[in-house]
$ cat model.txt   # compact mmCIF, C-alpha atoms
# COMPACT_ATOMS: atom_id res chain seq x y z
CA MET A 913 119.07 125.82 153.85
CA ALA A 914 115.86 126.55 152.02
CA GLY A 915 115.66 124.98 148.61
CA THR A 916 112.95 127.33 147.44
CA ASP A 917 113.85 130.86 146.50
CA PHE A 918 111.82 133.74 147.87
CA SER A 919 110.10 134.51 144.57
CA SER A 920 108.19 131.24 144.94
CA VAL A 921 106.86 131.98 148.42
CA GLY A 922 106.52 135.73 148.72
CA ARG A 923 106.20 138.95 146.81
CA VAL A 924 107.80 142.39 147.03
CA VAL A 925 105.49 145.27 146.12
CA MET A 926 105.66 149.06 146.21
CA LEU A 927 103.39 151.01 148.54
CA PHE A 928 104.58 154.32 147.12
CA ALA A 929 107.20 155.04 144.50
CA PRO A 930 110.65 156.45 145.28
CA ASP A 931 110.74 160.19 144.81
CA GLU A 932 112.23 163.40 146.10
CA TYR A 933 109.22 164.74 147.97
CA GLY A 934 109.01 168.48 148.53
CA ALA A 935 108.40 170.14 151.88
CA GLY A 936 104.96 169.20 153.16
CA ALA A 937 104.21 166.93 150.19
CA SER A 938 102.28 163.68 150.48
CA ALA A 939 103.16 160.43 148.77
CA THR A 940 100.67 158.99 146.30
CA PRO A 941 99.70 155.60 147.73
CA ILE A 942 99.52 152.41 145.70
CA VAL A 943 96.53 150.39 146.90
CA LEU A 944 97.59 146.86 147.76
CA ASP A 945 95.24 143.88 147.43
CA THR A 946 96.37 141.42 150.11
CA LYS A 947 93.94 138.65 149.21
CA GLY A 948 95.38 135.24 150.01
CA TRP A 949 98.39 136.50 151.96
CA ARG A 950 98.99 136.13 155.68
CA TRP A 951 101.66 138.72 156.53
CA ALA A 952 102.85 142.09 155.29
CA HIS A 953 106.33 143.26 156.26
CA ILE A 954 106.56 146.97 155.53
CA SER A 955 109.83 148.83 154.91
CA PHE A 956 109.75 152.65 154.84
CA ALA A 957 113.11 153.80 153.46
CA PHE A 958 114.77 157.19 153.36
CA GLY A 959 117.55 158.56 151.21
CA ALA A 960 118.75 162.15 151.48
CA VAL A 961 116.58 164.10 153.94
CA THR A 962 116.67 167.83 154.61
CA SER A 963 113.19 168.22 156.09
CA ALA A 964 114.28 166.53 159.32
CA GLN A 965 110.91 165.03 160.16
CA VAL A 966 108.08 162.98 158.73
CA LYS A 967 104.59 163.47 160.07
CA ILE A 968 102.61 160.81 161.85
CA ALA A 969 101.39 158.36 159.26
CA SER A 970 99.38 155.19 159.62
CA ILE A 971 98.84 152.20 157.43
CA GLU A 972 95.20 152.33 156.30
CA GLU A 973 92.79 149.56 155.38
CA SER A 974 89.61 149.26 153.34
CA ASP A 975 87.14 146.53 152.37
CA ASP A 976 86.87 147.54 148.73
CA GLY A 977 90.09 149.44 148.00
CA SER A 978 88.39 152.75 147.28
CA THR A 979 86.16 153.81 150.17
CA GLY A 980 86.06 153.65 153.94
CA TRP A 981 89.80 153.93 154.55
CA THR A 982 90.61 153.79 158.24
CA ALA A 983 93.89 153.72 160.12
CA VAL A 984 95.10 150.35 161.35
CA SER A 985 95.40 150.74 165.10
CA GLY A 986 99.03 150.57 166.13
CA ALA A 987 100.41 150.53 162.57
CA LEU A 988 101.95 153.91 163.01
CA PHE A 989 105.15 155.56 161.90
CA ALA A 990 105.14 158.42 164.40
CA TRP A 991 106.50 161.93 163.96
CA ARG A 992 110.19 161.68 164.39
CA ASP A 993 113.51 163.02 163.34
CA VAL A 994 114.47 161.06 160.29
CA VAL A 995 118.03 160.02 159.77
CA GLN A 996 118.90 159.84 156.10
CA ASN A 997 119.72 156.50 154.55
CA THR A 998 117.73 154.56 157.13
CA THR A 999 114.76 152.21 157.02
CA LEU A 1000 111.79 151.86 159.39
CA GLU A 1001 109.98 148.53 159.44
CA GLY A 1002 106.69 147.09 160.67
CA VAL A 1003 104.62 143.91 160.44
CA LEU A 1004 100.89 143.32 159.89
CA ASP A 1005 99.02 140.07 160.40
CA LEU A 1006 96.70 140.23 157.41
CA LEU A 1007 94.26 137.69 158.86
CA ALA A 1008 93.15 140.41 161.23
CA ARG A 1009 92.94 143.13 158.56
CA LYS A 1010 90.65 144.20 155.75
CA ARG A 1011 91.58 143.12 152.24
CA TYR A 1012 93.15 146.36 150.93
CA ILE A 1013 95.90 148.44 152.54
CA ARG A 1014 97.70 151.64 151.62
CA PHE A 1015 100.27 154.02 153.08
CA ALA A 1016 100.47 157.73 152.30
CA PRO A 1017 102.74 159.70 154.63
CA THR A 1018 103.05 163.47 154.58
CA PHE A 1019 106.61 164.69 154.72
CA GLY A 1020 107.95 167.42 156.95
CA THR A 1021 108.32 171.05 156.06
CA GLY A 1022 111.65 172.79 155.75
CA GLY A 1023 113.21 170.71 153.01
CA VAL A 1024 112.95 167.69 150.77
CA THR A 1025 112.68 164.03 151.69
CA ASN A 1026 113.80 161.22 149.42
CA ALA A 1027 111.74 158.19 150.37
CA ALA A 1028 110.18 154.96 149.14
CA CYS A 1029 108.08 152.24 150.71
CA ASN A 1030 107.75 148.58 149.88
CA ALA A 1031 105.96 145.62 151.42
CA VAL A 1032 106.88 141.96 151.49
CA LEU A 1033 103.77 139.79 151.24
CA TRP A 1034 104.42 136.47 152.88
CA GLY A 1035 102.66 133.22 153.70
CA SER A 1036 99.87 132.34 151.31
CA ASP A 1037 97.66 129.30 150.80
CA GLY A 1038 99.03 128.84 147.31
CA PRO A 1039 101.59 131.28 145.98
CA SER A 1040 100.75 130.29 142.41
CA PHE A 1041 97.39 131.89 143.05
CA ALA A 1042 98.97 135.22 143.86
CA ILE A 1043 102.32 135.18 142.06
CA ASP A 1044 102.48 135.72 138.32
CA LYS A 1045 106.03 135.36 137.03
CA SER A 1046 105.04 135.00 133.40
CA THR A 1047 106.17 137.51 130.79
CA GLY A 1048 104.58 140.84 131.55
CA GLY A 1049 103.22 139.58 134.88
CA ALA A 1050 103.67 141.65 138.02
CA ASP A 1051 106.29 139.26 139.36
CA GLU A 1052 108.24 138.62 136.17
CA LEU A 1053 111.95 138.22 136.89
CA GLU A 1054 114.60 140.16 134.98
CA PHE A 1055 117.08 137.43 135.85
CA ASN A 1056 117.30 134.21 137.85
CA VAL A 1057 120.98 133.46 138.50
CA LEU A 1058 121.21 129.96 139.94
CA THR A 1059 124.69 128.86 138.90
CA MET B 620 98.70 129.79 155.70
CA SER B 621 102.07 130.39 157.25
CA ALA B 622 102.03 130.94 160.99
CA THR B 623 105.54 132.35 160.89
CA ASP B 624 105.84 135.97 159.85
CA PHE B 625 108.54 137.04 157.42
CA THR B 626 110.73 138.61 160.11
CA SER B 627 111.44 135.13 161.40
CA ALA B 628 112.48 133.82 158.00
CA GLY B 629 114.17 136.61 156.09
CA ARG B 630 115.43 140.13 156.06
CA VAL B 631 114.77 143.20 153.91
CA VAL B 632 117.85 145.31 153.26
CA MET B 633 118.53 148.45 151.27
CA LEU B 634 120.91 148.06 148.35
CA LEU B 635 120.43 151.58 146.97
CA ASP B 636 118.79 154.27 149.09
CA PRO B 637 115.83 156.08 147.50
CA ASP B 638 116.99 159.26 145.84
CA GLU B 639 116.51 161.43 142.81
CA HIS B 640 119.67 160.55 140.94
CA GLY B 641 120.94 162.96 138.31
CA ALA B 642 121.43 162.15 134.64
CA GLY B 643 124.25 159.67 134.13
CA ALA B 644 124.88 159.42 137.88
CA THR B 645 126.73 156.52 139.48
CA PRO B 646 125.31 156.40 143.02
CA ALA B 647 127.17 154.22 145.49
CA GLY B 648 125.46 150.97 146.40
CA ILE B 649 125.34 149.63 149.93
CA GLU B 650 127.62 146.65 150.48
CA LEU B 651 125.76 143.58 151.72
CA ASP B 652 127.28 140.70 153.68
CA THR B 653 125.32 137.61 152.62
CA LEU B 654 127.05 135.15 154.94
CA GLY B 655 124.70 132.30 155.79
CA TRP B 656 121.88 133.25 153.43
CA ARG B 657 120.81 131.14 150.47
CA PHE B 658 118.89 133.47 148.14
CA LEU B 659 118.84 137.18 147.37
CA HIS B 660 115.71 138.56 145.73
CA VAL B 661 116.55 141.98 144.28
CA THR B 662 113.76 144.50 143.71
CA VAL B 663 114.31 147.72 141.76
CA MET B 664 111.64 150.36 142.34
CA THR B 665 111.37 153.46 140.18
CA GLY B 666 109.41 156.67 140.52
CA THR B 667 109.74 159.30 137.82
CA VAL B 668 112.38 158.40 135.23
CA ALA B 669 113.10 161.58 133.30
CA ALA B 670 116.14 160.07 131.59
CA THR B 671 115.91 159.78 127.82
CA ALA B 672 118.29 156.81 127.63
CA SER B 673 118.35 153.54 129.52
CA GLY B 674 120.30 153.12 132.74
CA THR B 675 121.84 149.93 134.09
CA ILE B 676 122.07 148.31 137.49
CA ASN B 677 124.62 145.52 137.75
CA VAL B 678 124.62 143.20 140.76
CA GLN B 679 128.24 142.61 141.71
CA ALA B 680 130.02 140.25 144.10
CA ALA B 681 133.36 140.21 145.91
CA THR B 682 135.08 137.78 148.24
CA SER B 683 136.04 140.44 150.78
CA SER B 684 134.42 143.54 152.22
CA GLY B 685 135.53 146.56 150.21
CA GLY B 686 137.26 144.25 147.78
CA SER B 687 137.21 144.06 144.02
CA PHE B 688 133.60 143.67 142.89
CA SER B 689 132.73 141.96 139.61
CA THR B 690 129.36 141.85 137.89
CA ILE B 691 127.54 138.54 138.28
CA SER B 692 126.93 137.16 134.82
CA GLY B 693 123.30 137.75 133.85
CA ALA B 694 122.47 139.83 136.93
CA THR B 695 121.81 143.15 135.24
CA PHE B 696 118.72 145.34 135.27
CA THR B 697 118.03 147.75 132.46
CA VAL B 698 115.98 150.76 133.57
CA ALA B 699 114.37 152.14 130.43
CA ALA B 700 113.35 155.75 129.94
CA THR B 701 109.74 154.56 129.97
CA ASP B 702 110.02 152.74 133.30
CA ASP B 703 108.14 155.27 135.46
CA ASP B 704 106.62 153.77 138.63
CA THR B 705 107.85 150.29 137.82
CA VAL B 706 109.10 147.35 139.84
CA LEU B 707 111.76 144.99 138.44
CA HIS B 708 112.79 141.73 140.11
CA GLY B 709 115.75 139.37 139.97
CA VAL B 710 116.95 136.35 141.97
CA ILE B 711 120.46 135.16 142.84
CA ASP B 712 121.40 131.84 144.41
CA LEU B 713 124.01 132.99 146.91
CA GLU B 714 125.59 129.56 147.25
CA GLN B 715 127.07 130.16 143.81
CA GLN B 716 128.40 133.67 144.50
CA ALA B 717 131.07 135.44 146.48
CA ARG B 718 130.07 136.60 149.97
CA TYR B 719 129.69 140.37 149.51
CA ILE B 720 127.17 141.94 147.15
CA LYS B 721 126.93 145.52 145.92
CA LEU B 722 125.20 147.33 143.07
CA ASP B 723 126.99 149.13 140.27
CA THR B 724 124.46 151.67 139.02
CA THR B 725 124.57 154.12 136.14
CA THR B 726 121.42 156.13 135.54
CA GLY B 727 120.32 157.05 132.06
CA SER B 728 121.34 160.34 130.49
CA GLY B 729 118.97 163.18 129.69
CA GLY B 730 117.26 163.60 133.04
CA ALA B 731 117.03 162.50 136.65
CA SER B 732 115.81 159.08 137.80
CA ASP B 733 114.01 158.28 141.06
CA ILE B 734 115.29 154.84 142.03
CA ALA B 735 115.45 152.68 145.15
CA VAL B 736 116.62 149.08 145.36
CA VAL B 737 115.88 146.61 148.15
CA GLY B 738 117.08 143.07 148.65
CA VAL B 739 115.27 140.23 150.39
CA LEU B 740 117.63 137.74 152.01
CA TYR B 741 115.91 134.42 152.37
CA GLY B 742 116.72 130.89 153.44
CA CYS B 743 119.36 130.38 156.08
CA ALA B 744 120.26 127.72 158.61
CA ASN B 745 119.65 129.82 161.72
CA THR B 746 117.95 133.17 161.32
CA ALA B 747 118.62 134.06 164.96
CA GLU B 748 122.27 134.31 164.03
CA TYR B 749 121.65 137.05 161.51
CA ILE B 750 118.44 138.79 162.50
CA ASN B 751 118.63 141.22 165.37
CA ALA B 752 115.29 142.84 166.09
CA GLY B 753 116.46 144.39 169.35
CA SER B 754 116.07 148.09 170.13
CA GLY B 755 118.23 150.18 167.86
CA GLU B 756 119.36 147.23 165.80
CA ALA B 757 119.16 146.79 162.05
CA ASP B 758 115.97 144.74 162.13
CA GLU B 759 114.09 146.62 164.84
CA LEU B 760 110.36 146.89 164.12
CA THR B 761 108.48 150.15 164.51
CA PHE B 762 105.24 148.26 164.97
CA ARG B 763 103.91 144.71 165.02
CA VAL B 764 100.14 144.48 164.57
CA LEU B 765 98.92 140.96 165.25
CA SER B 766 95.26 141.49 166.05
$ encode --input "model.txt" --output "structure tokens"
Amino acid sequence: MAGTDFSSVGRVVMLFAPDEYGAGASATPIVLDTKGWRWAHISFAFGAVTSAQVKIASIEESDDGSTGWTAVSGALFAWRDVVQNTTLEGVLDLLARKRYIRFAPTFGTGGVTNAACNAVLWGSDGPSFAIDKSTGGADELEFNVLT
Amino acid sequence: MSATDFTSAGRVVMLLDPDEHGAGATPAGIELDTLGWRFLHVTVMTGTVAATASGTINVQAATSSGGSFSTISGATFTVAATDDDTVLHGVIDLEQQARYIKLDTTTGSGGASDIAVVGVLYGCANTAEYINAGSGEADELTFRVLS
């Protein structure tokens, strides 16, 4: 059994916020700075879906977080029929990637898609460098129930 | 740097599917069997919160599947009306809790709330016992980019 809880070794971040996306809408991506982390485990989750499909969408990477975004080869959630209340997952080795990543899928026409996407950042040289659990910090805990 | 990616050490699970939940709604959480895992890191993600009053998300536990769930003392998130595009975190030591976990959610009144909740299970004796990344299984990966 691990004696260290996950919040000391990894981080969960949003790549786009949960929303009920209209037919043909695109999610607004949240640019993720992966500096210091080794792996990104990406979970693309669906709630109620009436559009039936999501378009081909790739994880993108950039050196500076604002320009030169290019698709990460192979990091592709392909056009498919989406089953509601399911999650698609993928893994990136960040050593082989540029520093910033983002994900902005376009949803299918014909109805709405409830969706959200998060990433688990995992494996860093020193988590204290990247994790800020202090009050108001990005990784502040609402509770820590240990007993 | 960790040479082991997260999929070999933990699991990301949905606790509340992403959806636009109506005012004062009580969406059903997804029951989670935590057998064998040590920690649960709970992450609440919000999109647009149009509610004018706070909502609550209680993390509950029960000894049997479908049994009588009780709120874990201290394990409550408050989603404020101002919490648009926010991430909230909490940690539970599962050794101290009953086996099955589920969320008891009530959204705030006055408007809809876009909410999704994921859990990260972390720390177990033998991940191969719980993680099934085979085709069509719960932990199947859509992609794995290693170079």
$ closest_residue --input "model.txt" --among "A:Ile971, A:Thr916, A:Val924, A:Leu1033" --to "Thr662 of chain B" --atoms "only C-alpha atoms"
A:Val924
$ atom_distance --input "model.txt" --atom1 "atom CA of Pro1017 of chain A" --atom2 "atom CA of Asp1044 of chain A"
29.0 Å
$ residues_near_point --input "model.txt" --point "(101.2, 136.6, 159.5)" --cutoff "8 Å" --atoms "all atoms listed in the file" --output "NGL selection string"
(:A and (950-952 or 1004-1007 or 1034-1035)) or (:B and (621-625 or 765))
$ write_last_selection --input "model.txt" --atoms "C-alpha atoms" --output "PDB file, keeping the file's coordinate frame"
ATOM      1  CA  ARG A 950      98.990 136.130 155.680  1.00  0.00           C
ATOM      2  CA  TRP A 951     101.660 138.720 156.530  1.00  0.00           C
ATOM      3  CA  ALA A 952     102.850 142.090 155.290  1.00  0.00           C
ATOM      4  CA  LEU A1004     100.890 143.320 159.890  1.00  0.00           C
ATOM      5  CA  ASP A1005      99.020 140.070 160.400  1.00  0.00           C
ATOM      6  CA  LEU A1006      96.700 140.230 157.410  1.00  0.00           C
ATOM      7  CA  LEU A1007      94.260 137.690 158.860  1.00  0.00           C
ATOM      8  CA  TRP A1034     104.420 136.470 152.880  1.00  0.00           C
ATOM      9  CA  GLY A1035     102.660 133.220 153.700  1.00  0.00           C
TER      10      GLY A1035
ATOM     11  CA  SER B 621     102.070 130.390 157.250  1.00  0.00           C
ATOM     12  CA  ALA B 622     102.030 130.940 160.990  1.00  0.00           C
ATOM     13  CA  THR B 623     105.540 132.350 160.890  1.00  0.00           C
ATOM     14  CA  ASP B 624     105.840 135.970 159.850  1.00  0.00           C
ATOM     15  CA  PHE B 625     108.540 137.040 157.420  1.00  0.00           C
ATOM     16  CA  LEU B 765      98.920 140.960 165.250  1.00  0.00           C
TER      17      LEU B 765
END
$ residues_around --input "model.txt" --residues "Thr645 of chain B" --least-positions-apart "5" --cutoff "12 Å" --atoms "all atoms listed in the file" --output "list in words"
Leu635, Asp638, Glu639, His640, Gly674, Thr675, Ile676, Asn677, Leu722, Asp723, Thr724, Thr725, Thr726, Gly727, Ser728, Ala731, Ser732 and Ile734 of chain B
$ interface_residues --input "model.txt" --of "chain B" --to "chain A" --cutoff "7 Å" --atoms "only C-alpha atoms" --output "CSV table (one decimal) with C-alpha atoms, in the coordinates of the input"
chain,number,residue,atom,x,y,z
B,620,MET,CA,98.7,129.8,155.7
B,621,SER,CA,102.1,130.4,157.2
B,624,ASP,CA,105.8,136.0,159.8
B,625,PHE,CA,108.5,137.0,157.4
B,636,ASP,CA,118.8,154.3,149.1
B,637,PRO,CA,115.8,156.1,147.5
B,638,ASP,CA,117.0,159.3,145.8
B,639,GLU,CA,116.5,161.4,142.8
B,657,ARG,CA,120.8,131.1,150.5
B,658,PHE,CA,118.9,133.5,148.1
B,660,HIS,CA,115.7,138.6,145.7
B,664,MET,CA,111.6,150.4,142.3
B,665,THR,CA,111.4,153.5,140.2
B,666,GLY,CA,109.4,156.7,140.5
B,693,GLY,CA,123.3,137.8,133.8
B,694,ALA,CA,122.5,139.8,136.9
B,696,PHE,CA,118.7,145.3,135.3
B,704,ASP,CA,106.6,153.8,138.6
B,707,LEU,CA,111.8,145.0,138.4
B,708,HIS,CA,112.8,141.7,140.1
B,709,GLY,CA,115.8,139.4,140.0
B,710,VAL,CA,117.0,136.4,142.0
B,711,ILE,CA,120.5,135.2,142.8
B,712,ASP,CA,121.4,131.8,144.4
B,715,GLN,CA,127.1,130.2,143.8
B,733,ASP,CA,114.0,158.3,141.1
B,734,ILE,CA,115.3,154.8,142.0
B,735,ALA,CA,115.4,152.7,145.2
B,741,TYR,CA,115.9,134.4,152.4
B,742,GLY,CA,116.7,130.9,153.4
B,743,CYS,CA,119.4,130.4,156.1
B,744,ALA,CA,120.3,127.7,158.6
B,760,LEU,CA,110.4,146.9,164.1
B,761,THR,CA,108.5,150.2,164.5
B,762,PHE,CA,105.2,148.3,165.0
B,763,ARG,CA,103.9,144.7,165.0
B,764,VAL,CA,100.1,144.5,164.6
B,765,LEU,CA,98.9,141.0,165.2
B,766,SER,CA,95.3,141.5,166.0
$ residues_near_point --input "model.txt" --point "(100.9, 164.7, 157.2)" --cutoff "10 Å" --atoms "all atoms listed in the file" --output "list in words"
Gly936, Ala937, Ser938, Ala939, Val966, Lys967, Ile968, Ala969, Ser970, Trp991, Ala1016, Pro1017, Thr1018, Phe1019, Gly1020 and Thr1021 of chain A
$ residues_around --input "model.txt" --residues "Glu973 of chain A" --least-positions-apart "4" --cutoff "10 Å" --atoms "only C-alpha atoms" --output "list in words"
Val943, Leu944, Gly977, Ser978, Thr979, Gly980, Trp981, Thr982, Ala983, Val984, Arg1009, Lys1010, Arg1011, Tyr1012, Ile1013, Arg1014 and Phe1015 of chain A
$ write_last_selection --input "model.txt" --atoms "C-alpha atoms" --output "compact mmCIF listing (two decimals), in the frame of the given file"
# COMPACT_ATOMS: atom_id res chain seq x y z
CA VAL A 943 96.53 150.39 146.90
CA LEU A 944 97.59 146.86 147.76
CA GLY A 977 90.09 149.44 148.00
CA SER A 978 88.39 152.75 147.28
CA THR A 979 86.16 153.81 150.17
CA GLY A 980 86.06 153.65 153.94
CA TRP A 981 89.80 153.93 154.55
CA THR A 982 90.61 153.79 158.24
CA ALA A 983 93.89 153.72 160.12
CA VAL A 984 95.10 150.35 161.35
CA ARG A 1009 92.94 143.13 158.56
CA LYS A 1010 90.65 144.20 155.75
CA ARG A 1011 91.58 143.12 152.24
CA TYR A 1012 93.15 146.36 150.93
CA ILE A 1013 95.90 148.44 152.54
CA ARG A 1014 97.70 151.64 151.62
CA PHE A 1015 100.27 154.02 153.08
$ atom_distance --input "model.txt" --atom1 "atom CA of Val631 of chain B" --atom2 "atom CA of Glu759 of chain B"
11.5 Å
$ atom_distance --input "model.txt" --atom1 "atom CA of Asp945 of chain A" --atom2 "atom CA of Leu927 of chain A"
10.9 Å
$ residues_around --input "model.txt" --residues "Gly685 of chain B" --least-positions-apart "2" --cutoff "12 Å" --atoms "only C-alpha atoms" --output "VMD selection string"
chain B and resid 648 to 652 679 to 683 687 to 689 718 to 721
